[in-house]
Amino acid sequence: MKASNNTQPLDEHRVARNFSDRVALGITLTLRFFADTFFAKRYGNRAIVLETVAAVPGMVGGMLVHLRCLRWMVEDQGWIRTLLDEAENERMHLMTFVQIAQPNWFERFVILTVQALFFIAFFLLYLISPRTAHRLVGYFEEQAVVSYTLYLAEIDAGRVENVSAPDVAISYWNLPVDARLRDVVLAVRQDEMGHRDVNHEFADSLTSIEFQQEV
């Protein structure tokens, strides 16, 4: 799918309909507040921490679905590959923005700490409520789309230099050799929209009975 050039927020917010959704949304908005406070408009640095966290759910979810399928000897309906592909995609986002933003030692320490804490928290959440876990990721990705849209606006306004795209991004997204940062952000935002929709669909598909089986 071709990435949209629109720099307006692509708002497809999923309204919280129950307690599980409200918990997921509350966690998301709380983390968004801290990200806004800590990073302000340093969107390249924000992207590094965002992608460090975003690369965790797919791997955790894929592993736990894999183990559940082994345990119950059932098909995974394509979930495992989808989740692992999501984790790999988010990892490539991280590799790209590390080259662009060049985080300092303190930001690298924050990344290590945030990833460790989030891995433990998300693992436990997925064990308790996979539905809430997928809704949480869906809301995370909604906020990621907003953040990357604001990043595009900063680039277009000239407040962020539209530097050359790193080689890793050009290779991964098959971008032109003269691609710039704006092209990379468009590609990443397109990925995040896909992850948003997939995780909301996964959350929707988990009925209360299926949820109880996952505990």
# chains A, B, ... in the order shown; residues from 1 in each chain; ligands from 1

$ residues_around --residues "Ile80 of chain A" --least-positions-apart "3" --cutoff "10 Å" --atoms "only C-alpha atoms" --output "PyMOL selection string"
chain A and resi 58-59+61-66+69+75-77+83-86

$ closest_atom_pairs --of "segment 20-96 of chain A" --to "segment 106-109 of chain A" --cutoff "10 Å" --atoms "only C-alpha atoms" --output "CSV"
residue,atom,partner,partner_atom,distance
A:Asn45,CA,A:Glu107,CA,8.0
A:Arg46,CA,A:Glu107,CA,9.7
A:Ile48,CA,A:Glu107,CA,9.0
A:Val49,CA,A:Glu107,CA,8.3

$ write_last_selection --atoms "N, CA, C and O atoms" --output "PDB file, in the first residue's frame"
ATOM      1  N   ASN A  45      14.042  11.267  18.782  1.00  0.00           N
ATOM      2  CA  ASN A  45      14.356  10.586  20.040  1.00  0.00           C
ATOM      3  C   ASN A  45      13.133   9.895  20.613  1.00  0.00           C
ATOM      4  O   ASN A  45      13.230   8.796  21.175  1.00  0.00           O
ATOM      5  N   ARG A  46      11.973  10.540  20.479  1.00  0.00           N
ATOM      6  CA  ARG A  46      10.727   9.916  20.929  1.00  0.00           C
ATOM      7  C   ARG A  46      10.495   8.612  20.171  1.00  0.00           C
ATOM      8  O   ARG A  46      10.071   7.604  20.746  1.00  0.00           O
ATOM      9  N   ILE A  48      12.616   6.542  18.989  1.00  0.00           N
ATOM     10  CA  ILE A  48      13.488   5.466  19.439  1.00  0.00           C
ATOM     11  C   ILE A  48      12.872   4.731  20.632  1.00  0.00           C
ATOM     12  O   ILE A  48      12.802   3.499  20.660  1.00  0.00           O
ATOM     13  N   VAL A  49      12.413   5.495  21.620  1.00  0.00           N
ATOM     14  CA  VAL A  49      11.789   4.866  22.787  1.00  0.00           C
ATOM     15  C   VAL A  49      10.471   4.205  22.397  1.00  0.00           C
ATOM     16  O   VAL A  49      10.157   3.087  22.829  1.00  0.00           O
TER      17      VAL A  49
END

$ residues_around --residues "Val184 of chain A" --least-positions-apart "5" --cutoff "9 Å" --atoms "only C-alpha atoms" --output "list in words"
Thr96, Ala165, Pro166, Ala169, Ile170, Trp173, Leu175, Ala179 and Arg189 of chain A

$ closest_residue --among "A:Glu201, A:Asp167, A:Glu141, A:Glu12" --to "Arg180 of chain A" --atoms "only C-alpha atoms"
A:Asp167

$ closest_residue --among "A:Ala203, A:Val53, A:Val137, A:Val160" --to "Ala101 of chain A" --atoms "only C-alpha atoms"
A:Val160

$ atom_distance --atom1 "atom CA of Gly158 of chain A" --atom2 "atom CA of Val177 of chain A"
21.9 Å

$ atom_distance --atom1 "atom CA of Glu161 of chain A" --atom2 "atom CA of Gln115 of chain A"
28.3 Å

$ closest_residue --among "A:Ile155, A:Leu206, A:Phe39, A:Asn199" --to "Ser129 of chain A" --atoms "only C-alpha atoms"
A:Leu206

$ select_by_dssp --residues "segment 97-164 of chain A" --states "helix (DSSP H, G or I)" --output "ChimeraX atom specification"
/A:97-101,105-128,130-156

$ closest_residue --among "A:Leu136, A:Leu70, A:Ala157, A:Val163" --to "Arg22 of chain A" --atoms "only C-alpha atoms"
A:Leu136

$ atom_distance --atom1 "atom CA of Tyr172 of chain A" --atom2 "atom CA of Arg196 of chain A"
20.4 Å

$ residues_around --residues "Ala47 of chain A" --least-positions-apart "5" --cutoff "9 Å" --atoms "only C-alpha atoms" --output "list of chain:residue names"
A:Arg42, A:Thr52, A:His93, A:Leu94, A:Phe97, A:Val98, A:Ala101, A:Ala144, A:Ser147, A:Tyr148

$ write_last_selection --atoms "all heavy atoms" --output "PDB file, in the first residue's frame"
ATOM      1  N   ARG A  42      11.064  16.524  20.261  1.00  0.00           N
ATOM      2  CA  ARG A  42      12.212  15.786  19.742  1.00  0.00           C
ATOM      3  C   ARG A  42      11.714  14.431  19.231  1.00  0.00           C
ATOM      4  O   ARG A  42      11.896  13.394  19.837  1.00  0.00           O
ATOM      5  CB  ARG A  42      13.268  15.615  20.827  1.00  0.00           C
ATOM      6  CG  ARG A  42      13.915  16.941  21.251  1.00  0.00           C
ATOM      7  CD  ARG A  42      15.004  16.737  22.282  1.00  0.00           C
ATOM      8  NE  ARG A  42      14.470  16.164  23.512  1.00  0.00           N
ATOM      9  CZ  ARG A  42      15.065  15.202  24.210  1.00  0.00           C
ATOM     10  NH1 ARG A  42      16.191  14.672  23.787  1.00  0.00           N
ATOM     11  NH2 ARG A  42      14.521  14.750  25.321  1.00  0.00           N
ATOM     12  N   THR A  52      11.232   0.973  20.680  1.00  0.00           N
ATOM     13  CA  THR A  52      11.763  -0.005  21.635  1.00  0.00           C
ATOM     14  C   THR A  52      10.631  -0.724  22.348  1.00  0.00           C
ATOM     15  O   THR A  52      10.652  -1.946  22.527  1.00  0.00           O
ATOM     16  CB  THR A  52      12.667   0.691  22.671  1.00  0.00           C
ATOM     17  OG1 THR A  52      13.744   1.325  21.993  1.00  0.00           O
ATOM     18  CG2 THR A  52      13.217  -0.298  23.669  1.00  0.00           C
ATOM     19  N   HIS A  93      12.098  -0.314  12.535  1.00  0.00           N
ATOM     20  CA  HIS A  93      11.842   1.096  12.829  1.00  0.00           C
ATOM     21  C   HIS A  93      12.914   1.619  13.790  1.00  0.00           C
ATOM     22  O   HIS A  93      13.471   2.703  13.609  1.00  0.00           O
ATOM     23  CB  HIS A  93      10.468   1.279  13.474  1.00  0.00           C
ATOM     24  CG  HIS A  93       9.323   0.973  12.568  1.00  0.00           C
ATOM     25  ND1 HIS A  93       8.009   1.047  13.005  1.00  0.00           N
ATOM     26  CD2 HIS A  93       9.258   0.615  11.265  1.00  0.00           C
ATOM     27  CE1 HIS A  93       7.205   0.730  12.002  1.00  0.00           C
ATOM     28  NE2 HIS A  93       7.948   0.460  10.940  1.00  0.00           N
ATOM     29  N   LEU A  94      13.166   0.834  14.846  1.00  0.00           N
ATOM     30  CA  LEU A  94      14.147   1.242  15.852  1.00  0.00           C
ATOM     31  C   LEU A  94      15.534   1.399  15.231  1.00  0.00           C
ATOM     32  O   LEU A  94      16.216   2.405  15.467  1.00  0.00           O
ATOM     33  CB  LEU A  94      14.192   0.213  16.987  1.00  0.00           C
ATOM     34  CG  LEU A  94      15.266   0.438  18.053  1.00  0.00           C
ATOM     35  CD1 LEU A  94      15.033   1.750  18.782  1.00  0.00           C
ATOM     36  CD2 LEU A  94      15.307  -0.726  19.031  1.00  0.00           C
ATOM     37  N   PHE A  97      15.677   4.709  13.277  1.00  0.00           N
ATOM     38  CA  PHE A  97      15.698   5.966  14.023  1.00  0.00           C
ATOM     39  C   PHE A  97      16.926   6.104  14.920  1.00  0.00           C
ATOM     40  O   PHE A  97      17.314   7.220  15.263  1.00  0.00           O
ATOM     41  CB  PHE A  97      14.408   6.139  14.822  1.00  0.00           C
ATOM     42  CG  PHE A  97      13.250   6.525  13.952  1.00  0.00           C
ATOM     43  CD1 PHE A  97      12.216   5.638  13.702  1.00  0.00           C
ATOM     44  CD2 PHE A  97      13.201   7.775  13.353  1.00  0.00           C
ATOM     45  CE1 PHE A  97      11.168   5.982  12.874  1.00  0.00           C
ATOM     46  CE2 PHE A  97      12.148   8.141  12.528  1.00  0.00           C
ATOM     47  CZ  PHE A  97      11.132   7.247  12.285  1.00  0.00           C
ATOM     48  N   VAL A  98      17.542   5.003  15.285  1.00  0.00           N
ATOM     49  CA  VAL A  98      18.805   5.090  16.026  1.00  0.00           C
ATOM     50  C   VAL A  98      19.855   5.782  15.155  1.00  0.00           C
ATOM     51  O   VAL A  98      20.630   6.619  15.632  1.00  0.00           O
ATOM     52  CB  VAL A  98      19.289   3.686  16.452  1.00  0.00           C
ATOM     53  CG1 VAL A  98      20.765   3.710  16.839  1.00  0.00           C
ATOM     54  CG2 VAL A  98      18.468   3.183  17.634  1.00  0.00           C
ATOM     55  N   ALA A 101      18.576   9.695  14.887  1.00  0.00           N
ATOM     56  CA  ALA A 101      18.574  10.549  16.087  1.00  0.00           C
ATOM     57  C   ALA A 101      19.847  10.457  16.917  1.00  0.00           C
ATOM     58  O   ALA A 101      20.132  11.361  17.708  1.00  0.00           O
ATOM     59  CB  ALA A 101      17.364  10.217  16.953  1.00  0.00           C
ATOM     60  N   ALA A 144       0.999   6.368  18.018  1.00  0.00           N
ATOM     61  CA  ALA A 144       2.172   6.387  17.147  1.00  0.00           C
ATOM     62  C   ALA A 144       1.849   7.099  15.840  1.00  0.00           C
ATOM     63  O   ALA A 144       2.658   7.886  15.328  1.00  0.00           O
ATOM     64  CB  ALA A 144       2.653   4.964  16.865  1.00  0.00           C
ATOM     65  N   SER A 147       1.854  10.742  16.535  1.00  0.00           N
ATOM     66  CA  SER A 147       3.218  11.250  16.723  1.00  0.00           C
ATOM     67  C   SER A 147       3.951  11.399  15.394  1.00  0.00           C
ATOM     68  O   SER A 147       4.630  12.409  15.153  1.00  0.00           O
ATOM     69  CB  SER A 147       4.007  10.315  17.647  1.00  0.00           C
ATOM     70  OG  SER A 147       3.518  10.370  18.970  1.00  0.00           O
ATOM     71  N   TYR A 148       3.825  10.396  14.535  1.00  0.00           N
ATOM     72  CA  TYR A 148       4.520  10.479  13.252  1.00  0.00           C
ATOM     73  C   TYR A 148       3.892  11.520  12.336  1.00  0.00           C
ATOM     74  O   TYR A 148       4.585  12.118  11.505  1.00  0.00           O
ATOM     75  CB  TYR A 148       4.561   9.104  12.590  1.00  0.00           C
ATOM     76  CG  TYR A 148       5.570   8.187  13.236  1.00  0.00           C
ATOM     77  CD1 TYR A 148       5.184   6.989  13.821  1.00  0.00           C
ATOM     78  CD2 TYR A 148       6.917   8.541  13.284  1.00  0.00           C
ATOM     79  CE1 TYR A 148       6.110   6.150  14.428  1.00  0.00           C
ATOM     80  CE2 TYR A 148       7.847   7.718  13.893  1.00  0.00           C
ATOM     81  CZ  TYR A 148       7.441   6.527  14.462  1.00  0.00           C
ATOM     82  OH  TYR A 148       8.367   5.710  15.084  1.00  0.00           O
TER      83      TYR A 148
END
